[in-house]
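As provided, structure_32.csv (CSV, C-alpha atoms) reads as follows.
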```
chain,number,residue,atom,x,y,z
N,1,MET,CA,13.9,-14.0,6.6
N,2,ILE,CA,15.9,-13.8,3.4
N,3,ASN,CA,19.0,-16.0,3.2
N,4,PRO,CA,21.9,-14.1,4.7
N,5,GLU,CA,24.2,-15.2,1.9
N,6,THR,CA,21.9,-13.6,-0.6
N,7,LEU,CA,22.0,-10.3,1.4
N,8,ARG,CA,25.8,-10.5,1.7
N,9,TYR,CA,26.1,-11.1,-2.0
N,10,THR,CA,23.9,-8.1,-2.7
N,11,GLN,CA,25.9,-5.9,-0.3
N,12,GLN,CA,29.1,-6.9,-2.0
N,13,THR,CA,28.2,-6.9,-5.6
N,14,GLY,CA,25.3,-4.4,-5.9
N,15,ASP,CA,23.5,-7.1,-8.0
N,16,PHE,CA,19.9,-7.0,-6.6
N,17,GLY,CA,18.6,-9.8,-8.8
N,18,PRO,CA,18.9,-12.8,-6.4
N,19,MET,CA,17.5,-10.8,-3.5
N,20,LEU,CA,14.6,-9.4,-5.4
N,21,GLU,CA,13.8,-12.9,-6.7
N,22,SER,CA,13.6,-14.2,-3.2
N,23,ILE,CA,10.9,-11.6,-2.3
N,24,PRO,CA,7.8,-12.5,-4.2
N,25,TYR,CA,6.1,-9.2,-3.4
N,26,ALA,CA,8.9,-7.3,-5.1
N,27,GLY,CA,8.1,-9.2,-8.3
N,28,TRP,CA,4.4,-8.7,-7.8
N,29,ILE,CA,4.7,-4.9,-8.1
N,30,GLY,CA,7.9,-5.1,-10.3
N,31,LEU,CA,10.3,-3.3,-8.0
N,32,GLN,CA,13.8,-2.8,-9.4
N,33,CYS,CA,16.9,-1.3,-7.8
N,34,ASP,CA,20.1,0.2,-9.2
N,35,ARG,CA,23.2,1.2,-7.3
N,36,PHE,CA,25.2,4.3,-8.4
N,37,GLY,CA,28.3,4.4,-6.2
N,38,ASP,CA,26.9,4.6,-2.7
N,39,ASP,CA,23.5,5.8,-3.9
N,40,LEU,CA,20.5,3.5,-4.5
N,41,ILE,CA,17.6,4.4,-6.8
N,42,PHE,CA,14.5,2.2,-6.6
N,43,ARG,CA,12.4,1.9,-9.7
N,44,LEU,CA,8.8,0.8,-10.3
N,45,PRO,CA,8.4,0.3,-14.0
N,46,LYS,CA,5.1,1.1,-15.7
N,47,LYS,CA,2.8,-1.8,-15.1
N,48,ASP,CA,-0.9,-1.9,-15.8
N,49,SER,CA,-1.7,-4.4,-13.0
N,50,ASN,CA,-0.4,-1.7,-10.5
N,51,LEU,CA,-3.1,0.7,-11.4
N,52,GLY,CA,-5.8,1.9,-9.0
N,53,ASN,CA,-7.7,4.9,-10.3
N,54,PRO,CA,-9.0,3.8,-13.7
N,55,ILE,CA,-10.1,7.3,-14.7
N,56,LEU,CA,-6.8,9.1,-14.8
N,57,PRO,CA,-5.4,6.3,-14.9
N,58,ALA,CA,-3.1,6.3,-11.8
N,59,ILE,CA,-1.1,3.8,-9.8
N,60,HIS,CA,-2.9,2.4,-6.8
N,61,GLY,CA,-1.9,4.4,-3.7
N,62,GLY,CA,-1.3,1.1,-1.8
N,63,VAL,CA,1.2,0.0,-4.5
N,64,ILE,CA,3.1,3.3,-4.1
N,65,GLY,CA,3.1,2.7,-0.3
N,66,GLY,CA,4.3,-0.9,-0.7
N,67,PHE,CA,7.0,0.2,-3.2
N,68,MET,CA,8.2,2.8,-0.7
N,69,GLU,CA,8.1,0.4,2.3
N,70,LEU,CA,10.1,-2.3,0.5
N,71,SER,CA,12.5,0.3,-0.9
N,72,ALA,CA,13.2,1.6,2.6
N,73,ALA,CA,13.8,-2.0,4.0
N,74,ILE,CA,16.3,-2.8,1.2
N,75,TYR,CA,18.0,0.5,1.6
N,76,LEU,CA,18.5,-0.2,5.3
N,77,VAL,CA,20.1,-3.6,4.5
N,78,MET,CA,22.5,-2.0,2.2
N,79,ALA,CA,23.3,0.9,4.5
N,80,GLN,CA,24.2,-1.5,7.4
N,81,ASP,CA,26.2,-4.6,8.0
N,82,THR,CA,23.1,-6.5,9.1
N,83,LEU,CA,22.2,-9.6,7.2
N,84,ARG,CA,18.5,-9.5,7.9
N,85,LEU,CA,15.7,-7.5,6.4
N,86,PRO,CA,14.5,-5.1,9.1
N,87,ARG,CA,11.0,-5.3,10.5
N,88,ILE,CA,8.7,-2.4,9.8
N,89,VAL,CA,7.1,-0.7,12.9
N,90,ASP,CA,5.2,2.1,11.3
N,91,PHE,CA,4.8,4.0,8.1
N,92,SER,CA,3.5,7.4,7.4
N,93,LEU,CA,2.7,8.4,3.9
N,94,ASP,CA,1.7,11.7,2.3
N,95,TYR,CA,0.3,11.6,-1.2
N,96,LEU,CA,1.3,14.8,-3.0
N,97,ARG,CA,0.3,14.1,-6.6
N,98,ALA,CA,-1.3,11.3,-8.6
N,99,GLY,CA,1.1,8.6,-9.6
N,100,LEU,CA,0.4,8.4,-13.3
N,101,ASN,CA,0.8,5.2,-15.4
N,102,ARG,CA,4.5,5.6,-16.0
N,103,GLU,CA,7.8,4.6,-14.3
N,104,THR,CA,8.2,5.7,-10.7
N,105,TYR,CA,11.4,6.3,-8.7
N,106,ALA,CA,12.2,6.4,-5.0
N,107,GLU,CA,15.2,7.2,-2.9
N,108,CYS,CA,15.7,6.9,0.8
N,109,ARG,CA,17.6,8.7,3.5
N,110,LEU,CA,18.6,7.4,6.9
N,111,THR,CA,17.4,10.2,9.2
N,112,ARG,CA,18.4,8.5,12.5
N,113,GLN,CA,20.1,5.3,13.3
N,114,GLY,CA,19.5,4.2,16.9
N,115,ASN,CA,20.6,0.9,18.5
N,116,ARG,CA,17.4,-0.8,17.7
N,117,VAL,CA,15.3,1.5,15.7
N,118,SER,CA,16.0,3.3,12.4
N,119,ASN,CA,14.1,6.2,11.0
N,120,VAL,CA,14.0,6.4,7.2
N,121,MET,CA,12.7,9.1,4.8
N,122,VAL,CA,11.5,8.0,1.4
N,123,LEU,CA,10.8,10.3,-1.6
N,124,ALA,CA,9.0,9.0,-4.7
N,125,TRP,CA,8.7,10.9,-8.0
N,126,GLN,CA,8.1,10.3,-11.6
N,127,LYS,CA,8.9,13.1,-14.1
N,128,SER,CA,11.1,15.1,-11.8
N,129,ARG,CA,12.5,14.8,-8.3
N,130,GLU,CA,11.3,18.4,-7.8
N,131,GLU,CA,7.8,17.2,-8.2
N,132,PRO,CA,7.5,14.3,-5.8
N,133,ILE,CA,4.3,12.2,-5.9
N,134,ALA,CA,4.7,11.0,-2.3
N,135,THR,CA,6.9,11.3,0.7
N,136,ALA,CA,7.0,8.8,3.5
N,137,ARG,CA,8.7,8.2,6.9
N,138,ALA,CA,9.2,4.8,8.4
N,139,HIS,CA,10.5,3.3,11.6
N,140,PHE,CA,12.2,-0.1,11.4
N,141,LEU,CA,13.2,-2.5,14.2
N,142,LEU,CA,16.6,-3.9,13.6
N,143,ASP,CA,17.0,-6.9,16.0
N,144,GLY,CA,13.9,-8.6,14.6
Y,1,MET,CA,-29.1,3.0,0.7
Y,2,ASN,CA,-29.2,-0.5,2.3
Y,3,ASN,CA,-26.2,-2.6,3.2
Y,4,GLU,CA,-26.5,-4.9,0.1
Y,5,THR,CA,-26.4,-1.8,-2.1
Y,6,ARG,CA,-23.3,-0.6,-0.3
Y,7,ILE,CA,-21.5,-3.9,-0.7
Y,8,ARG,CA,-22.5,-4.1,-4.4
Y,9,ARG,CA,-21.2,-0.6,-5.1
Y,10,ILE,CA,-18.0,-1.2,-3.3
Y,11,ASN,CA,-17.4,-4.5,-5.1
Y,12,ARG,CA,-18.2,-2.9,-8.5
Y,13,PHE,CA,-15.8,-0.1,-7.6
Y,14,ILE,CA,-12.8,-2.3,-6.6
Y,15,GLU,CA,-13.4,-4.4,-9.7
Y,16,THR,CA,-12.3,-1.4,-11.7
Y,17,LEU,CA,-9.0,-1.1,-9.8
Y,18,ASN,CA,-6.5,-3.3,-11.5
Y,19,GLN,CA,-4.4,-3.8,-8.4
Y,20,ALA,CA,-7.4,-4.5,-6.1
Y,21,ARG,CA,-8.7,-7.0,-8.7
Y,22,GLY,CA,-5.3,-8.7,-8.9
Y,23,LEU,CA,-5.2,-9.0,-5.2
Y,24,GLY,CA,-8.7,-10.5,-5.1
Y,25,LEU,CA,-10.0,-7.9,-2.7
Y,26,ILE,CA,-13.7,-8.3,-1.9
Y,27,ALA,CA,-16.1,-6.4,0.4
Y,28,ARG,CA,-17.7,-8.9,2.9
Y,29,GLU,CA,-19.7,-6.6,5.1
Y,30,ALA,CA,-20.9,-3.0,5.1
Y,31,GLY,CA,-22.9,-0.6,7.2
Y,32,GLU,CA,-23.7,3.1,7.4
Y,33,ASP,CA,-20.1,4.1,8.3
Y,34,TYR,CA,-18.0,0.9,8.0
Y,35,LEU,CA,-17.0,-2.0,5.8
Y,36,VAL,CA,-15.0,-5.2,6.1
Y,37,MET,CA,-12.8,-6.1,3.1
Y,38,GLU,CA,-10.9,-9.3,2.6
Y,39,LEU,CA,-7.5,-10.0,1.1
Y,40,PRO,CA,-7.2,-13.7,0.3
Y,41,TYR,CA,-3.8,-15.4,1.1
Y,42,ASN,CA,-1.6,-15.4,-2.0
Y,43,GLU,CA,2.0,-16.8,-2.2
Y,44,GLN,CA,2.9,-14.2,-4.8
Y,45,LEU,CA,2.6,-11.5,-2.1
Y,46,ILE,CA,5.0,-13.1,0.3
Y,47,GLY,CA,7.5,-10.6,1.8
Y,48,ASN,CA,9.2,-13.0,4.2
Y,49,PRO,CA,10.1,-16.3,2.3
Y,50,GLU,CA,11.0,-18.0,5.6
Y,51,THR,CA,7.6,-17.6,7.3
Y,52,GLY,CA,5.4,-17.2,4.2
Y,53,ALA,CA,3.9,-14.0,5.6
Y,54,MET,CA,2.5,-11.6,3.0
Y,55,HIS,CA,4.4,-8.4,2.7
Y,56,SER,CA,3.3,-5.3,4.6
Y,57,GLY,CA,2.8,-3.5,1.3
Y,58,ALA,CA,0.0,-5.9,0.4
Y,59,ILE,CA,-1.6,-5.1,3.8
Y,60,THR,CA,-1.1,-1.4,3.1
Y,61,THR,CA,-2.9,-1.8,-0.2
Y,62,LEU,CA,-5.8,-3.7,1.5
Y,63,MET,CA,-6.1,-0.9,4.1
Y,64,ASP,CA,-5.8,1.9,1.6
Y,65,THR,CA,-8.5,0.3,-0.6
Y,66,ALA,CA,-10.8,-0.4,2.4
Y,67,SER,CA,-10.3,3.2,3.7
Y,68,GLY,CA,-10.7,4.7,0.3
Y,69,SER,CA,-14.0,2.8,-0.3
Y,70,VAL,CA,-15.6,3.2,3.1
Y,71,MET,CA,-16.9,6.7,2.2
Y,72,MET,CA,-19.1,5.0,-0.3
Y,73,CYS,CA,-21.0,3.7,2.7
Y,74,ALA,CA,-21.3,7.1,4.3
Y,75,LEU,CA,-22.1,9.2,1.3
Y,76,GLU,CA,-25.3,8.8,-0.7
Y,77,ASP,CA,-23.8,10.1,-4.0
Y,78,LEU,CA,-20.8,8.4,-5.4
Y,79,GLU,CA,-17.7,10.6,-5.1
Y,80,LEU,CA,-14.1,9.4,-5.3
Y,81,CYS,CA,-11.9,10.9,-2.7
Y,82,PRO,CA,-8.1,11.0,-3.3
Y,83,THR,CA,-5.9,9.9,-0.3
Y,84,LEU,CA,-4.1,12.8,1.4
Y,85,ASP,CA,-2.2,10.6,3.8
Y,86,LEU,CA,-2.1,7.3,5.6
Y,87,ARG,CA,-0.4,6.3,8.8
Y,88,VAL,CA,0.0,2.6,9.4
Y,89,ASP,CA,1.2,0.9,12.6
Y,90,TYR,CA,2.2,-2.7,12.2
Y,91,MET,CA,1.5,-4.7,15.3
Y,92,ARG,CA,2.6,-8.2,14.1
Y,93,PRO,CA,3.1,-9.9,10.8
Y,94,ALA,CA,0.3,-11.7,9.0
Y,95,GLU,CA,0.3,-15.5,9.3
Y,96,ALA,CA,1.0,-17.7,6.3
Y,97,GLY,CA,-2.0,-19.3,4.6
Y,98,LYS,CA,-4.6,-17.0,6.2
Y,99,ALA,CA,-6.8,-14.3,4.6
Y,100,VAL,CA,-6.4,-10.8,6.1
Y,101,LEU,CA,-9.5,-8.8,6.9
Y,102,ALA,CA,-9.7,-5.0,7.1
Y,103,ARG,CA,-12.4,-3.2,8.9
Y,104,ALA,CA,-12.5,0.5,7.9
Y,105,GLU,CA,-14.8,3.2,9.2
Y,106,THR,CA,-15.4,6.9,8.6
Y,107,TYR,CA,-15.2,8.5,12.0
Y,108,ARG,CA,-15.6,12.1,10.8
Y,109,VAL,CA,-17.0,13.4,7.5
Y,110,THR,CA,-16.7,17.1,6.8
Y,111,ARG,CA,-17.4,19.2,3.7
Y,112,ASN,CA,-13.8,18.9,2.6
Y,113,ILE,CA,-12.1,16.0,4.4
Y,114,ILE,CA,-13.1,12.5,5.4
Y,115,PHE,CA,-11.2,10.9,8.4
Y,116,THR,CA,-10.9,7.1,8.4
Y,117,ARG,CA,-9.5,4.4,10.6
Y,118,CYS,CA,-8.9,0.8,9.7
Y,119,GLU,CA,-7.8,-2.3,11.5
Y,120,ALA,CA,-6.3,-5.4,9.8
Y,121,TYR,CA,-6.6,-8.8,11.4
Y,122,HIS,CA,-7.1,-12.5,10.8
Y,123,GLU,CA,-10.6,-13.9,11.5
Y,124,GLY,CA,-10.9,-14.2,15.2
Y,125,GLY,CA,-7.3,-13.1,15.7
Y,126,LYS,CA,-5.3,-10.2,17.1
Y,127,THR,CA,-4.7,-6.9,15.3
Y,128,ILE,CA,-2.1,-7.1,12.5
Y,129,ALA,CA,-2.0,-3.4,11.7
Y,130,ASN,CA,-3.9,-0.2,12.4
Y,131,CYS,CA,-4.2,2.6,10.0
Y,132,VAL,CA,-5.6,6.1,10.0
Y,133,GLY,CA,-6.2,8.1,6.8
Y,134,THR,CA,-7.5,11.4,5.5
Y,135,PHE,CA,-9.2,11.7,2.2
Y,136,MET,CA,-10.1,14.9,0.3
Y,137,ARG,CA,-13.6,15.5,-1.1
Y,138,VAL,CA,-13.2,16.8,-4.6
Y,139,GLY,CA,-16.9,16.7,-5.3
Y,140,LYS,CA,-18.9,14.1,-7.2
Y,141,GLU,CA,-18.6,16.2,-10.4
Y,142,ALA,CA,-14.9,15.3,-10.4
Y,143,THR,CA,-15.9,11.7,-11.2
Y,144,PRO,CA,-17.2,11.2,-14.8
Y,145,LYS,CA,-21.0,10.5,-14.9
Y,146,SER,CA,-20.5,7.3,-16.8
Y,147,TYR,CA,-18.2,5.9,-14.2
Y,148,ARG,CA,-20.6,7.0,-11.4
Y,149,LYS,CA,-23.4,5.1,-13.2
Y,150,LEU,CA,-21.2,2.0,-13.6
Y,151,ILE,CA,-20.5,1.9,-9.8
Y,152,THR,CA,-24.0,2.7,-8.6
Y,153,GLY,CA,-25.4,0.1,-11.1
Y,154,GLU,CA,-27.6,2.5,-13.0
Y,155,ALA,CA,-25.8,1.5,-16.1
Y,156,GLU,CA,-27.2,-2.0,-15.9
```
Rewrite the structure from the file as structure tokens, please.
Amino acid sequence: MINPETLRYTQQTGDFGPMLESIPYAGWIGLQCDRFGDDLIFRLPKKDSNLGNPILPAIHGGVIGGFMELSAAIYLVMAQDTLRLPRIVDFSLDYLRAGLNRETYAECRLTRQGNRVSNVMVLAWQKSREEPIATARAHFLLDG
Amino acid sequence: MNNETRIRRINRFIETLNQARGLGLIAREAGEDYLVMELPYNEQLIGNPETGAMHSGAITTLMDTASGSVMMCALEDLELCPTLDLRVDYMRPAEAGKAVLARAETYRVTRNIIFTRCEAYHEGGKTIANCVGTFMRVGKEATPKSYRKLITGEAE
């Protein structure tokens, strides 16, 4: 897992740089995160290597999924006192619109926090939150 | 269409997807209603620095690509089908240093919808993840003719 000190530093400062640098996959897709008060907004800047559909062109659906999965895991770390990244159990993803070749955003909501399992909702959009490109629901195991 | 043709079509198709090409995805095996796709191990995809396991997001992309390509095995004409939804269950993390394989199949093809299922695993190993997906048939006309020819190889 990620160094607990790095997670503690991120929780305390809201500086996501060191944590994201310690997760190679975050760099692979280019995930960024910004904190506004208690709110977290995840960003996936426009990146040609993330494209799937070459005709539209559109972001690969798997990349949108990976972005939302990782966003949910980071969101949980920040929402809790735990100093480990939670383990994903399952992930259910509805694609609502094509993710065009532009910046994508995601926000998460903790639907239910149990003793061992968390249920997180994720919403991803581009131009407007009112027009989401995907919604997802994930379960995470906390004592992993 | 024979299995060699299926594999060639799928590999030409994934070659046009930047992310799939970057991951080094490659179709290894194909039949009338199934295919096996490989994701080589890559340190840049690590999600857990301590174990070196690739991130579940990379496995999701492998399974989405395999599930989104397997209809090319089942349909005679090339038609791209957008993903409606995916549901992935993660059984256990992938192991460091090992390629991940995904076997996808179409278990029901209707006029409008294609239902798929997919299993990710290491060669000879236990299941890493299971995935079911639904894909919408938008018709072959929705895919430009030049692109269809590129994938079927008629352009060569």
Distance table requested - chain Y against chain N, cut-off 7 Å, all atoms listed in the file: one row per qualifying residue with the closest atom pair and its distance in Å to one decimal, ordered by chain and rising residue number, as a tab-separated table.
```
residue	atom	partner	partner_atom	distance
Y:Thr16	CA	N:Pro54	CA	6.5
Y:Leu17	CA	N:Gly52	CA	4.5
Y:Asn18	CA	N:Ser49	CA	5.1
Y:Gln19	CA	N:Asn50	CA	5.0
Y:Gly22	CA	N:Ser49	CA	6.9
Y:Gln44	CA	N:Pro24	CA	5.2
Y:Leu45	CA	N:Tyr25	CA	4.4
Y:Ile46	CA	N:Pro24	CA	5.3
Y:Gly47	CA	N:Ile23	CA	5.4
Y:Asn48	CA	N:Met1	CA	5.4
Y:Pro49	CA	N:Met1	CA	6.2
Y:Glu50	CA	N:Met1	CA	5.0
Y:His55	CA	N:Tyr25	CA	6.4
Y:Ser56	CA	N:Gly66	CA	7.0
Y:Gly57	CA	N:Gly66	CA	3.6
Y:Ala58	CA	N:Gly66	CA	6.7
Y:Thr60	CA	N:Gly62	CA	5.5
Y:Thr61	CA	N:Gly62	CA	3.7
Y:Asp64	CA	N:Gly62	CA	5.7
Y:Thr83	CA	N:Tyr95	CA	6.5
Y:Leu84	CA	N:Tyr95	CA	5.2
Y:Asp85	CA	N:Asp94	CA	4.3
Y:Leu86	CA	N:Leu93	CA	5.2
Y:Arg87	CA	N:Ser92	CA	4.3
Y:Val88	CA	N:Phe91	CA	5.2
Y:Asp89	CA	N:Asp90	CA	4.4
Y:Tyr90	CA	N:Val89	CA	5.3
```
Could you tell me, as a ChimeraX atom specification, which residues have any atom at most 7 Å from (-3.6, -7.4, 7.6), counting all atoms listed in the file?
/Y:59,94,100-102,120-122,128-129
Would you kindly return, as a count of residues only, each protein, DNA or RNA residue with an atom no farther than 12 Å from any atom of Y:Pro144, considering all atoms listed in the file and excluding same-chain residues fewer than 5 positions away?
10
Might you pull out every residue within 10 Å of stretch 72-83 of chain N, with all atoms listed in the file counted and same-chain residues fewer than 5 positions away left off, and present them as number ranges by chain?
N: 1-8, 10-12, 14, 16, 19-20, 33, 38-42, 66-67, 88, 106-110, 113, 118-123, 136-140, 142-143
Mind checking which residues fall within 8 Å of Y:Asn11, counting all atoms listed in the file, ignoring those fewer than 3 positions away in the same chain, and posting them as a ChimeraX atom specification?
/Y:7-8,14-15,26-27
Using Å and a single decimal, report how far atom CA of Y:Met136 sits from atom CA of Y:Ile113.
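Distance between the two atoms: 4.7 Å.
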Shell around N:Trp125 at 6 Å using all atoms listed in the file, local window under 5 positions removed, as a PDB file with C-alpha atoms, in the coordinates of the input:
```
ATOM      1  CA  THR N 104       8.200   5.700 -10.700  1.00  0.00           C
ATOM      2  CA  TYR N 105      11.400   6.300  -8.700  1.00  0.00           C
ATOM      3  CA  PRO N 132       7.500  14.300  -5.800  1.00  0.00           C
ATOM      4  CA  ILE N 133       4.300  12.200  -5.900  1.00  0.00           C
TER       5      ILE N 133
END
```
Distance in Å - atom CA of N:Arg129 versus atom CA of Y:Asn112:
28.8 Å
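A straight line drawn from atom CA of Y:Arg92 to atom CA of Y:Ala20 is 22.8 Å long.
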